[in-house]
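Enquirer: One structure coming up, written as structure tokens, with questions to follow.
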Amino acid sequence: MLNKYARAFFTRVLTPFAALLIRIGVSPDAVTLVGTGGVVAGALVFYPLGEFFWGTVVITLFVFSDLVDGNMARQLGRSSRWGAFLDSTLDRVADSAIFGGLALWYAGRGDSLMLCAMAIFCLASGQVVSYTKARGEAIGLPVDVNGLVERAERLVITLVACGLSGLHAFGVPGVEILLPIALWVVGVGSAVTLGQRVVTVRRESAEADAMAQGGNSA
């Protein structure tokens, strides 16, 4: 749901920065790799230590590379299958690092096996949600559905909750409850989104098979 509007807004905001990177000779692939490296480092260095505020600051600075690299490719006229593949693959790596870092915190000093399990569920369900769309498109289906909680929603909900929860270290009371709530929201929302995509693929595949059989019989 957020993808359509958020991407349009940030694309306009980040276009001058993307143009600057092009002028100094930076490639879109380099931006993708550096951005993913920054997200992974921020998640796996800070989150397992419970440093949610600073971890989120680092991750947020690098997560916008997902928009900058695509913007650069369009300005250069170099949009390619390789670029799309690299970007999508490294998105999965970044998402895994974020929820993996949270799982490590709750498995250790966070001391909650329930929330550790929920973080792992968010990690796994997010990967499967992405896979269902990719697999459906690979067999020739449009997978025309706007899921309840897609990647943009997962990131915004999780990162905002992590950042606000991190304010507990600065003496802000009560905010630490936001992260557990966010994990449950993302987990349940991802399960619903997975169901939406599975139902859509089933319907579209049945329609495509019916059309193919009708064409053959004619």
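Residue numbering restarts at 1 in every chain; chains get A, B, ... in the order shown in the structure tokens, and ligands count up from 1 in that same order.
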How would you write, as a PyMOL selection string, the set of residues in region 26-212 of chain A that DSSP gives as alpha helix (DSSP H)?
Expert: chain A and resi 28-46+52-63+65-76+81-107+113-138+151-165+178-212
Enquirer: What are the closest atom pairs, with distances in Å to one decimal, for each residue of region 6-52 of chain A lying within 8 Å of region 156-176 of chain A, using only C-alpha atoms, rows by chain and rising residue number, as a tab-separated table?
Expert:
residue	atom	partner	partner_atom	distance
A:Gly50	CA	A:Gly166	CA	7.8
A:Glu51	CA	A:Gly166	CA	6.4
A:Phe52	CA	A:Gly166	CA	4.5
Enquirer: Which one is closest to Gly38 (chain A): A:Ala208, A:Leu90, A:Met72, A:Ala124? Count only C-alpha atoms.
Expert: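 Of A:Ala208, A:Leu90, A:Met72, A:Ala124, the one nearest Gly38 (chain A) is A:Leu90, counting only C-alpha atoms.
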Enquirer: Residues of region 42-146 of chain A that have any atom at most 8 Å from an atom of region 22-28 of chain A: could you tabulate them with the shortest-distance atom pair and the distance in Å to one decimal, using only C-alpha atoms, ordered by chain and increasing number, as JSON lines?
Expert:
{"residue": "A:Val68", "atom": "CA", "partner": "A:Pro28", "partner_atom": "CA", "distance": 7.8}
{"residue": "A:Asp69", "atom": "CA", "partner": "A:Pro28", "partner_atom": "CA", "distance": 4.5}
{"residue": "A:Gly70", "atom": "CA", "partner": "A:Pro28", "partner_atom": "CA", "distance": 7.1}
{"residue": "A:Met72", "atom": "CA", "partner": "A:Pro28", "partner_atom": "CA", "distance": 5.9}
{"residue": "A:Ala73", "atom": "CA", "partner": "A:Pro28", "partner_atom": "CA", "distance": 6.1}
Enquirer: Show me, as a list in words, the residues that have an atom within 12 Å of Ala117 (chain A) when counting only C-alpha atoms, minus same-chain residues fewer than 3 positions from it.
Expert: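 After dropping sequence-adjacent residues, the list is Phe99, Gly100, Leu102, Ala103, Leu104, Trp105, Tyr106, Ala107, Asp111, Ser112, Leu113, Met114, Ile120, Phe121, Cys122, Leu123, Ala124, Ser125, Pro180, Leu183, Trp184 and Gly187 of chain A.
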Enquirer: Of the candidates A:Val45, A:Val39, A:Val34, A:Leu148, which shows the shortest atom-to-atom distance to Val192 (chain A), using only C-alpha atoms?
Expert: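 Of A:Val45, A:Val39, A:Val34, A:Leu148, the one nearest Val192 (chain A), counting only C-alpha atoms, is A:Leu148.
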Enquirer: Could you list, as a PDB file with C-alpha atoms, in the first residue's frame, every residue within 7 Å of region 204-207 of chain A, counting only C-alpha atoms and ignoring same-chain residues fewer than 4 positions away?
Expert:
ATOM      1  CA  LEU A 141       0.544 -14.628 -14.032  1.00  0.00           C
ATOM      2  CA  THR A 200      -4.948 -14.456  -6.172  1.00  0.00           C
ATOM      3  CA  MET A 211      -8.654 -19.825 -21.319  1.00  0.00           C
TER       4      MET A 211
END
Enquirer: Do you have the CA of Val145 (chain A)-CA of Gly126 (chain A) distance handy?
Expert: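 CA of Gly126 (chain A) lies 15.9 Å from CA of Val145 (chain A).
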Enquirer: Determine the nearest neighbour of Val63 (chain A) from the options A:Thr15, A:Ser79, A:Ser190, A:Thr32, counting only C-alpha atoms.
Expert: A:Thr32
Enquirer: Just to confirm, what's the straight-line distance from CA of Gly110 (chain A) to CA of Leu49 (chain A) in Å (one decimal)?
Expert: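 Distance between the two atoms: 8.9 Å.
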